[in-house]
Amino acid sequence: MTSIELFAGAGGLALGFSGNDVQHRAVVEWNSHACNTIRHNKLNLVDPVSHWPDVTEGDVKHFKYDAFEGVDLITGGPPCQPFSMGGKHGGFLDERDMFPQAIRAVRETRPRAFVFENVQGLTRAAFADYFDYILLQLEFPSLVAKPKEQWGNHLARLRKWKQKLGTVSEYNVTFKLVNAANYGVPQKRMRVFFVGFRADQGKVWEAPAETHSSDALLLSQWGSNEYWDRHKVATRHRPAKPAGIEKKIGALIDMDYGGNLLAWRTVRDAICDLPDPERFPGKVQAHRFQPGARTYPGHTGSPLDEPAKALKAGDHGVPGGENMLRRVDGSVRYFTVRESARIQTFPDTFLFDGTWSEIMRQLGNAVPVRLASVIAKSVCDLLRE
């Protein structure tokens, strides 16, 4: 199968689809550092990036789709800052809103299917009408806005068209809000996926079943102690037991919970084999200690024995409180690049271009590779049926 990857960033979503035997015919990204990351991995023959086409660096508004008729998939993560919980909440008034370009790509290529990813903030009540507008445009991409037509008027026209007797959808569109931790990513990262199949494919996507859970982690830590034993953590070096945990564990045992679900993966699970970057600098590539981490109200870092909080990109450098490790004793430090890449489930062979701040921005914007792979498999399996 073939695809066009838009808003590629550092390539997390594209890697997930490549791992499911999808051949990218075009990879489009505007950020020069992210483009250089892709070029660097292609030049160094990192699989599967070495088989990707040369990245197209530039504004997706100017990308031409004439040569891509018959492509199977359009995939990408339109910039999320307009809808981010931590951003300026500009939404459709934000010039960084690229959903119109994602919809143009669908309209002009008519792929068999598409997958677009964005932040949880897009599902907020404040954006409810615009969320519906995105869904309706993806369902009826050929019903374009008229010259100078305001989006609200276009939305009203789309709603009226959908209710018209005999109207047939161009794409069967589904959306799902998922937590990456529930699919084996060591990070609590809420993301919404829009998946559509062209109507003649006769497919309707359902989100893949979750494979990991917080309750299974609690059982592993405070029921069987398997987690601590596996990591060889002495009792005195473990965090304090959460309040009421015995009652919670008892209830889980009584209901015979967790037989078919794995434990959430934690920060410790992700980075346990990496040396301490403060004590052993330079031992691992891209694993350099970065000074200056500090906590402040609402930003206290990610506990070692839970999935990380969502890594963030930030408008002006790395956010001070999010992208940090909080040790059991309460001390904090920034995650290194390699640790952040592990948390985003990039392979260790994957290298990043730019300063620490620029690389952390790429990682904060990325789709976790493991989550991308799970979503890609569910879509590709349907297409192959």
# chains A, B, ... in the order shown; residues from 1 in each chain; ligands from 1

call {"tool": "closest_atom_pairs", "arguments": {"of": "range 82-166 of chain A", "to": "range 174-198 of chain A", "cutoff": "7 Å", "atoms": "only C-alpha atoms", "output": "tab-separated table"}}
result
residue	atom	partner	partner_atom	distance
A:Arg112	CA	A:Arg198	CA	5.2
A:Ala113	CA	A:Phe197	CA	4.3
A:Phe114	CA	A:Gly196	CA	5.3
A:Val115	CA	A:Val195	CA	4.6
A:Phe116	CA	A:Phe194	CA	5.1
A:Glu117	CA	A:Phe193	CA	4.5
A:Asn118	CA	A:Val192	CA	5.3
A:Val119	CA	A:Arg191	CA	4.8
A:Gln120	CA	A:Arg191	CA	5.2

call {"tool": "write_last_selection", "arguments": {"atoms": "C-alpha atoms", "output": "PDB file, in the first residue's frame"}}
result
ATOM      1  CA  ARG A 112      -8.990   4.713  -0.054  1.00  0.00           C
ATOM      2  CA  ALA A 113      -8.558   5.810   3.559  1.00  0.00           C
ATOM      3  CA  PHE A 114      -7.088   8.555   5.738  1.00  0.00           C
ATOM      4  CA  VAL A 115      -5.807   8.898   9.302  1.00  0.00           C
ATOM      5  CA  PHE A 116      -5.368  12.251  11.052  1.00  0.00           C
ATOM      6  CA  GLU A 117      -4.266  12.761  14.670  1.00  0.00           C
ATOM      7  CA  ASN A 118      -4.687  15.696  17.023  1.00  0.00           C
ATOM      8  CA  VAL A 119      -4.803  16.714  20.684  1.00  0.00           C
ATOM      9  CA  GLN A 120      -7.548  16.050  23.206  1.00  0.00           C
TER      10      GLN A 120
END

call {"tool": "residues_around", "arguments": {"residues": "Arg327 in chain A", "least_positions_apart": "3", "cutoff": "6 Å", "atoms": "only C-alpha atoms", "output": "PDB file with N, CA and C atoms, in the first residue's frame"}}
result
ATOM      1  N   LEU A 304       8.682   8.396  38.480  1.00  0.00           N
ATOM      2  CA  LEU A 304       9.465   7.326  37.888  1.00  0.00           C
ATOM      3  C   LEU A 304       8.644   6.059  37.682  1.00  0.00           C
ATOM      4  N   GLY A 330      11.814  12.787  45.318  1.00  0.00           N
ATOM      5  CA  GLY A 330      11.237  14.099  45.029  1.00  0.00           C
ATOM      6  C   GLY A 330      12.118  15.004  44.198  1.00  0.00           C
ATOM      7  N   SER A 331      13.382  14.655  44.011  1.00  0.00           N
ATOM      8  CA  SER A 331      14.273  15.480  43.189  1.00  0.00           C
ATOM      9  C   SER A 331      13.898  15.327  41.709  1.00  0.00           C
TER      10      SER A 331
END

call {"tool": "closest_residue", "arguments": {"among": "A:Thr211, A:Thr109, A:Ser378, A:Thr266", "to": "Pro307 in chain A", "atoms": "only C-alpha atoms"}}
result
A:Thr266

call {"tool": "atom_distance", "arguments": {"atom1": "CA of Pro141 in chain A", "atom2": "CA of Arg159 in chain A"}}
result
13.1 Å

call {"tool": "select_by_dssp", "arguments": {"residues": "range 55-212 of chain A", "states": "strand (DSSP E)", "output": "ChimeraX atom specification"}}
result
/A:56-57,73-76,113-119,171-179,187-188,190-198,212

call {"tool": "write_last_selection", "arguments": {"atoms": "N, CA and C atoms", "output": "mmCIF file, in the first residue's frame"}}
result
data_model
loop_
_atom_site.group_PDB
_atom_site.id
_atom_site.type_symbol
_atom_site.label_atom_id
_atom_site.label_comp_id
_atom_site.auth_asym_id
_atom_site.auth_seq_id
_atom_site.Cartn_x
_atom_site.Cartn_y
_atom_site.Cartn_z
ATOM 1 N N THR A 56 9.806 16.483 1.465
ATOM 2 C CA THR A 56 9.442 17.746 0.831
ATOM 3 C C THR A 56 9.341 18.801 1.917
ATOM 4 N N GLU A 57 10.293 19.729 1.934
ATOM 5 C CA GLU A 57 10.303 20.777 2.955
ATOM 6 C C GLU A 57 9.578 22.009 2.444
ATOM 7 N N LEU A 73 -3.513 5.825 1.022
ATOM 8 C CA LEU A 73 -3.670 6.469 2.328
ATOM 9 C C LEU A 73 -3.158 7.895 2.325
ATOM 10 N N ILE A 74 -3.834 8.754 3.061
ATOM 11 C CA ILE A 74 -3.309 10.063 3.469
ATOM 12 C C ILE A 74 -3.223 10.012 4.990
ATOM 13 N N THR A 75 -2.065 10.322 5.543
ATOM 14 C CA THR A 75 -1.904 10.297 7.004
ATOM 15 C C THR A 75 -1.194 11.563 7.453
ATOM 16 N N GLY A 76 -1.382 11.919 8.714
ATOM 17 C CA GLY A 76 -0.663 13.075 9.233
ATOM 18 C C GLY A 76 -1.283 13.626 10.507
ATOM 19 N N ALA A 113 -8.353 5.549 2.133
ATOM 20 C CA ALA A 113 -8.558 5.810 3.559
ATOM 21 C C ALA A 113 -7.657 6.954 3.995
ATOM 22 N N PHE A 114 -7.950 7.528 5.154
ATOM 23 C CA PHE A 114 -7.088 8.555 5.738
ATOM 24 C C PHE A 114 -7.056 8.392 7.248
ATOM 25 N N VAL A 115 -5.969 8.895 7.848
ATOM 26 C CA VAL A 115 -5.807 8.898 9.302
ATOM 27 C C VAL A 115 -5.197 10.237 9.698
ATOM 28 N N PHE A 116 -5.891 10.990 10.529
ATOM 29 C CA PHE A 116 -5.368 12.251 11.052
ATOM 30 C C PHE A 116 -5.420 12.211 12.580
ATOM 31 N N GLU A 117 -4.415 12.793 13.203
ATOM 32 C CA GLU A 117 -4.266 12.761 14.670
ATOM 33 C C GLU A 117 -4.195 14.173 15.202
ATOM 34 N N ASN A 118 -4.771 14.376 16.404
ATOM 35 C CA ASN A 118 -4.687 15.696 17.023
ATOM 36 C C ASN A 118 -4.848 15.566 18.531
ATOM 37 N N VAL A 119 -4.802 16.701 19.221
ATOM 38 C CA VAL A 119 -4.803 16.714 20.684
ATOM 39 C C VAL A 119 -6.213 16.592 21.254
ATOM 40 N N TYR A 171 -17.139 9.519 2.456
ATOM 41 C CA TYR A 171 -16.244 8.764 3.336
ATOM 42 C C TYR A 171 -16.996 8.378 4.606
ATOM 43 N N ASN A 172 -16.772 7.162 5.058
ATOM 44 C CA ASN A 172 -17.268 6.734 6.367
ATOM 45 C C ASN A 172 -16.229 7.140 7.404
ATOM 46 N N VAL A 173 -16.570 8.117 8.227
ATOM 47 C CA VAL A 173 -15.603 8.749 9.132
ATOM 48 C C VAL A 173 -15.904 8.372 10.582
ATOM 49 N N THR A 174 -14.859 7.993 11.302
ATOM 50 C CA THR A 174 -14.949 7.661 12.725
ATOM 51 C C THR A 174 -13.873 8.439 13.467
ATOM 52 N N PHE A 175 -14.159 8.836 14.692
ATOM 53 C CA PHE A 175 -13.115 9.423 15.530
ATOM 54 C C PHE A 175 -13.074 8.693 16.853
ATOM 55 N N LYS A 176 -11.899 8.708 17.484
ATOM 56 C CA LYS A 176 -11.744 8.047 18.785
ATOM 57 C C LYS A 176 -10.674 8.762 19.589
ATOM 58 N N LEU A 177 -11.008 9.106 20.829
ATOM 59 C CA LEU A 177 -10.044 9.665 21.772
ATOM 60 C C LEU A 177 -9.386 8.507 22.505
ATOM 61 N N VAL A 178 -8.066 8.426 22.450
ATOM 62 C CA VAL A 178 -7.358 7.302 23.064
ATOM 63 C C VAL A 178 -6.264 7.812 23.998
ATOM 64 N N ASN A 179 -5.909 6.974 24.962
ATOM 65 C CA ASN A 179 -4.781 7.218 25.856
ATOM 66 C C ASN A 179 -3.653 6.294 25.417
ATOM 67 N N GLN A 187 3.573 6.540 28.628
ATOM 68 C CA GLN A 187 3.219 7.959 28.656
ATOM 69 C C GLN A 187 1.693 8.095 28.645
ATOM 70 N N LYS A 188 1.171 8.954 29.536
ATOM 71 C CA LYS A 188 -0.263 9.256 29.533
ATOM 72 C C LYS A 188 -0.500 10.373 28.516
ATOM 73 N N MET A 190 -3.158 11.697 25.731
ATOM 74 C CA MET A 190 -4.492 11.628 25.150
ATOM 75 C C MET A 190 -4.476 12.254 23.759
ATOM 76 N N ARG A 191 -4.933 11.481 22.774
ATOM 77 C CA ARG A 191 -4.961 11.972 21.402
ATOM 78 C C ARG A 191 -6.230 11.486 20.708
ATOM 79 N N VAL A 192 -6.751 12.323 19.804
ATOM 80 C CA VAL A 192 -7.926 11.953 19.032
ATOM 81 C C VAL A 192 -7.482 11.593 17.617
ATOM 82 N N PHE A 193 -8.014 10.490 17.107
ATOM 83 C CA PHE A 193 -7.731 10.035 15.751
ATOM 84 C C PHE A 193 -9.001 10.129 14.910
ATOM 85 N N PHE A 194 -8.854 10.692 13.720
ATOM 86 C CA PHE A 194 -9.917 10.712 12.721
ATOM 87 C C PHE A 194 -9.538 9.703 11.645
ATOM 88 N N VAL A 195 -10.396 8.724 11.433
ATOM 89 C CA VAL A 195 -10.127 7.689 10.436
ATOM 90 C C VAL A 195 -11.324 7.600 9.501
ATOM 91 N N GLY A 196 -11.047 7.653 8.201
ATOM 92 C CA GLY A 196 -12.115 7.569 7.222
ATOM 93 C C GLY A 196 -11.791 6.586 6.116
ATOM 94 N N PHE A 197 -12.807 5.863 5.658
ATOM 95 C CA PHE A 197 -12.681 4.971 4.511
ATOM 96 C C PHE A 197 -13.614 5.466 3.403
ATOM 97 N N ARG A 198 -13.077 5.530 2.202
ATOM 98 C CA ARG A 198 -13.910 5.919 1.068
ATOM 99 C C ARG A 198 -15.115 4.992 0.991
ATOM 100 N N HIS A 212 -3.296 -2.521 27.621
ATOM 101 C CA HIS A 212 -2.636 -2.237 28.898
ATOM 102 C C HIS A 212 -3.581 -1.438 29.790
#

call {"tool": "residues_around", "arguments": {"residues": "Ala216 in chain A", "least_positions_apart": "2", "cutoff": "9 Å", "atoms": "only C-alpha atoms", "output": "ChimeraX atom specification"}}
result
/A:212-214,218-221,252,257-259,261-264

call {"tool": "write_last_selection", "arguments": {"atoms": "C-alpha atoms", "output": "PDB file, in the first residue's frame"}}
result
ATOM      1  CA  HIS A 212      -2.636  -2.237  28.898  1.00  0.00           C
ATOM      2  CA  SER A 213      -4.250  -0.778  32.010  1.00  0.00           C
ATOM      3  CA  SER A 214      -3.541   1.190  35.166  1.00  0.00           C
ATOM      4  CA  LEU A 218      -1.352  -1.451  40.485  1.00  0.00           C
ATOM      5  CA  LEU A 219      -1.659  -5.224  40.829  1.00  0.00           C
ATOM      6  CA  SER A 220       1.900  -5.678  39.621  1.00  0.00           C
ATOM      7  CA  GLN A 221       3.258  -3.052  42.020  1.00  0.00           C
ATOM      8  CA  LEU A 252      -9.267  -6.157  41.885  1.00  0.00           C
ATOM      9  CA  TYR A 257      -9.176  -8.475  37.124  1.00  0.00           C
ATOM     10  CA  GLY A 258      -6.397  -8.105  34.593  1.00  0.00           C
ATOM     11  CA  GLY A 259      -6.034 -11.580  33.179  1.00  0.00           C
ATOM     12  CA  LEU A 261      -4.471  -6.895  30.056  1.00  0.00           C
ATOM     13  CA  LEU A 262      -0.846  -5.946  30.576  1.00  0.00           C
ATOM     14  CA  ALA A 263       0.385  -3.393  33.087  1.00  0.00           C
ATOM     15  CA  TRP A 264       0.867   0.186  31.980  1.00  0.00           C
TER      16      TRP A 264
END

call {"tool": "atom_distance", "arguments": {"atom1": "CA of Gly12 in chain A", "atom2": "CA of Arg384 in chain A"}}
result
22.6 Å

call {"tool": "closest_residue", "arguments": {"among": "A:Arg268, A:Thr2, A:Trp30, A:Leu122", "to": "Ser18 in chain A", "atoms": "only C-alpha atoms"}}
result
A:Thr2

call {"tool": "closest_residue", "arguments": {"among": "A:Ala313, A:Val337, A:Ala286, A:Val233", "to": "Gln362 in chain A", "atoms": "only C-alpha atoms"}}
result
A:Ala313

call {"tool": "select_by_dssp", "arguments": {"residues": "range 9-138 of chain A", "states": "helix (DSSP H, G or I)", "output": "PyMOL selection string"}}
result
chain A and resi 12-18+32-43+49-51+60-62+66-68+81-83+91-93+99-109+120-123+125-138

call {"tool": "closest_residue", "arguments": {"among": "A:Leu15, A:Ala10, A:Ala209, A:Val267", "to": "Ala310 in chain A", "atoms": "only C-alpha atoms"}}
result
A:Val267

call {"tool": "residues_around", "arguments": {"residues": "Ile271 in chain A", "least_positions_apart": "4", "cutoff": "12 Å", "atoms": "only C-alpha atoms", "output": "list in words"}}
result
Pro186, His231, Arg265, Thr266, Val267, Pro275, Asp276, Pro277, Val284, His287, Leu304, Asp305, Pro307, Ala308, Leu325, Phe335, Thr336, Val337, Arg338, Glu339, Ser340, Ala341, Arg342, Ile343, Gln344, Thr345 and Asp348 of chain A

call {"tool": "write_last_selection", "arguments": {"atoms": "N, CA and C atoms", "output": "PDB file, in the first residue's frame"}}
result
ATOM      1  N   PRO A 186       4.811   4.239  27.341  1.00  0.00           N
ATOM      2  CA  PRO A 186       5.058   4.645  28.727  1.00  0.00           C
ATOM      3  C   PRO A 186       4.785   6.136  28.954  1.00  0.00           C
ATOM      4  N   HIS A 231      12.498  -5.023  38.795  1.00  0.00           N
ATOM      5  CA  HIS A 231      13.439  -3.903  38.711  1.00  0.00           C
ATOM      6  C   HIS A 231      14.461  -3.894  39.859  1.00  0.00           C
ATOM      7  N   ARG A 265       3.074   0.607  31.046  1.00  0.00           N
ATOM      8  CA  ARG A 265       4.527   0.722  31.096  1.00  0.00           C
ATOM      9  C   ARG A 265       4.885   2.061  31.735  1.00  0.00           C
ATOM     10  N   THR A 266       5.858   2.038  32.633  1.00  0.00           N
ATOM     11  CA  THR A 266       6.244   3.226  33.383  1.00  0.00           C
ATOM     12  C   THR A 266       7.519   3.841  32.820  1.00  0.00           C
ATOM     13  N   VAL A 267       7.858   5.008  33.359  1.00  0.00           N
ATOM     14  CA  VAL A 267       9.129   5.646  32.999  1.00  0.00           C
ATOM     15  C   VAL A 267      10.290   4.710  33.342  1.00  0.00           C
ATOM     16  N   PRO A 275      22.172   4.536  31.692  1.00  0.00           N
ATOM     17  CA  PRO A 275      22.919   5.026  32.857  1.00  0.00           C
ATOM     18  C   PRO A 275      22.430   6.396  33.295  1.00  0.00           C
ATOM     19  N   ASP A 276      22.688   6.746  34.541  1.00  0.00           N
ATOM     20  CA  ASP A 276      22.353   8.076  35.047  1.00  0.00           C
ATOM     21  C   ASP A 276      23.187   9.098  34.278  1.00  0.00           C
ATOM     22  N   PRO A 277      22.556  10.033  33.550  1.00  0.00           N
ATOM     23  CA  PRO A 277      23.336  10.970  32.729  1.00  0.00           C
ATOM     24  C   PRO A 277      24.178  11.949  33.540  1.00  0.00           C
ATOM     25  N   VAL A 284      25.952   7.053  26.435  1.00  0.00           N
ATOM     26  CA  VAL A 284      24.927   6.695  25.447  1.00  0.00           C
ATOM     27  C   VAL A 284      24.652   7.913  24.577  1.00  0.00           C
ATOM     28  N   HIS A 287      22.168  11.172  25.270  1.00  0.00           N
ATOM     29  CA  HIS A 287      21.745  10.940  26.663  1.00  0.00           C
ATOM     30  C   HIS A 287      22.581  11.839  27.574  1.00  0.00           C
ATOM     31  N   LEU A 304       8.682   8.396  38.480  1.00  0.00           N
ATOM     32  CA  LEU A 304       9.465   7.326  37.888  1.00  0.00           C
ATOM     33  C   LEU A 304       8.644   6.059  37.682  1.00  0.00           C
ATOM     34  N   ASP A 305       7.693   5.794  38.562  1.00  0.00           N
ATOM     35  CA  ASP A 305       6.990   4.518  38.540  1.00  0.00           C
ATOM     36  C   ASP A 305       5.552   4.618  38.042  1.00  0.00           C
ATOM     37  N   PRO A 307       3.482   5.867  34.073  1.00  0.00           N
ATOM     38  CA  PRO A 307       3.744   6.387  32.732  1.00  0.00           C
ATOM     39  C   PRO A 307       4.020   7.891  32.816  1.00  0.00           C
ATOM     40  N   ALA A 308       4.857   8.403  31.953  1.00  0.00           N
ATOM     41  CA  ALA A 308       5.181   9.831  31.964  1.00  0.00           C
ATOM     42  C   ALA A 308       3.944  10.664  31.660  1.00  0.00           C
ATOM     43  N   LEU A 325      11.810  14.232  34.822  1.00  0.00           N
ATOM     44  CA  LEU A 325      11.714  13.029  35.646  1.00  0.00           C
ATOM     45  C   LEU A 325      11.656  13.432  37.113  1.00  0.00           C
ATOM     46  N   PHE A 335      14.289  15.150  31.354  1.00  0.00           N
ATOM     47  CA  PHE A 335      14.547  13.959  30.559  1.00  0.00           C
ATOM     48  C   PHE A 335      15.607  14.286  29.510  1.00  0.00           C
ATOM     49  N   THR A 336      16.492  13.341  29.260  1.00  0.00           N
ATOM     50  CA  THR A 336      17.432  13.515  28.157  1.00  0.00           C
ATOM     51  C   THR A 336      16.695  13.248  26.840  1.00  0.00           C
ATOM     52  N   VAL A 337      17.373  13.563  25.744  1.00  0.00           N
ATOM     53  CA  VAL A 337      16.791  13.280  24.428  1.00  0.00           C
ATOM     54  C   VAL A 337      16.504  11.791  24.273  1.00  0.00           C
ATOM     55  N   ARG A 338      17.454  10.945  24.654  1.00  0.00           N
ATOM     56  CA  ARG A 338      17.258   9.510  24.489  1.00  0.00           C
ATOM     57  C   ARG A 338      16.109   9.000  25.350  1.00  0.00           C
ATOM     58  N   GLU A 339      15.997   9.519  26.580  1.00  0.00           N
ATOM     59  CA  GLU A 339      14.886   9.120  27.442  1.00  0.00           C
ATOM     60  C   GLU A 339      13.554   9.567  26.845  1.00  0.00           C
ATOM     61  N   SER A 340      13.511  10.780  26.333  1.00  0.00           N
ATOM     62  CA  SER A 340      12.280  11.285  25.719  1.00  0.00           C
ATOM     63  C   SER A 340      11.914  10.462  24.496  1.00  0.00           C
ATOM     64  N   ALA A 341      12.922  10.075  23.726  1.00  0.00           N
ATOM     65  CA  ALA A 341      12.670   9.229  22.558  1.00  0.00           C
ATOM     66  C   ALA A 341      12.136   7.868  22.983  1.00  0.00           C
ATOM     67  N   ARG A 342      12.666   7.319  24.083  1.00  0.00           N
ATOM     68  CA  ARG A 342      12.147   6.051  24.613  1.00  0.00           C
ATOM     69  C   ARG A 342      10.678   6.228  25.030  1.00  0.00           C
ATOM     70  N   ILE A 343      10.376   7.320  25.696  1.00  0.00           N
ATOM     71  CA  ILE A 343       9.016   7.567  26.159  1.00  0.00           C
ATOM     72  C   ILE A 343       8.062   7.720  24.975  1.00  0.00           C
ATOM     73  N   GLN A 344       8.564   8.243  23.861  1.00  0.00           N
ATOM     74  CA  GLN A 344       7.771   8.350  22.639  1.00  0.00           C
ATOM     75  C   GLN A 344       7.913   7.111  21.754  1.00  0.00           C
ATOM     76  N   THR A 345       8.620   6.100  22.261  1.00  0.00           N
ATOM     77  CA  THR A 345       8.801   4.781  21.639  1.00  0.00           C
ATOM     78  C   THR A 345       9.472   4.822  20.270  1.00  0.00           C
ATOM     79  N   ASP A 348      16.058   3.175  19.311  1.00  0.00           N
ATOM     80  CA  ASP A 348      17.326   3.787  19.716  1.00  0.00           C
ATOM     81  C   ASP A 348      18.210   4.129  18.519  1.00  0.00           C
TER      82      ASP A 348
END

call {"tool": "closest_residue", "arguments": {"among": "A:Asp329, A:Glu170, A:Pro78, A:Ala156", "to": "Gln201 in chain A", "atoms": "only C-alpha atoms"}}
result
A:Glu170
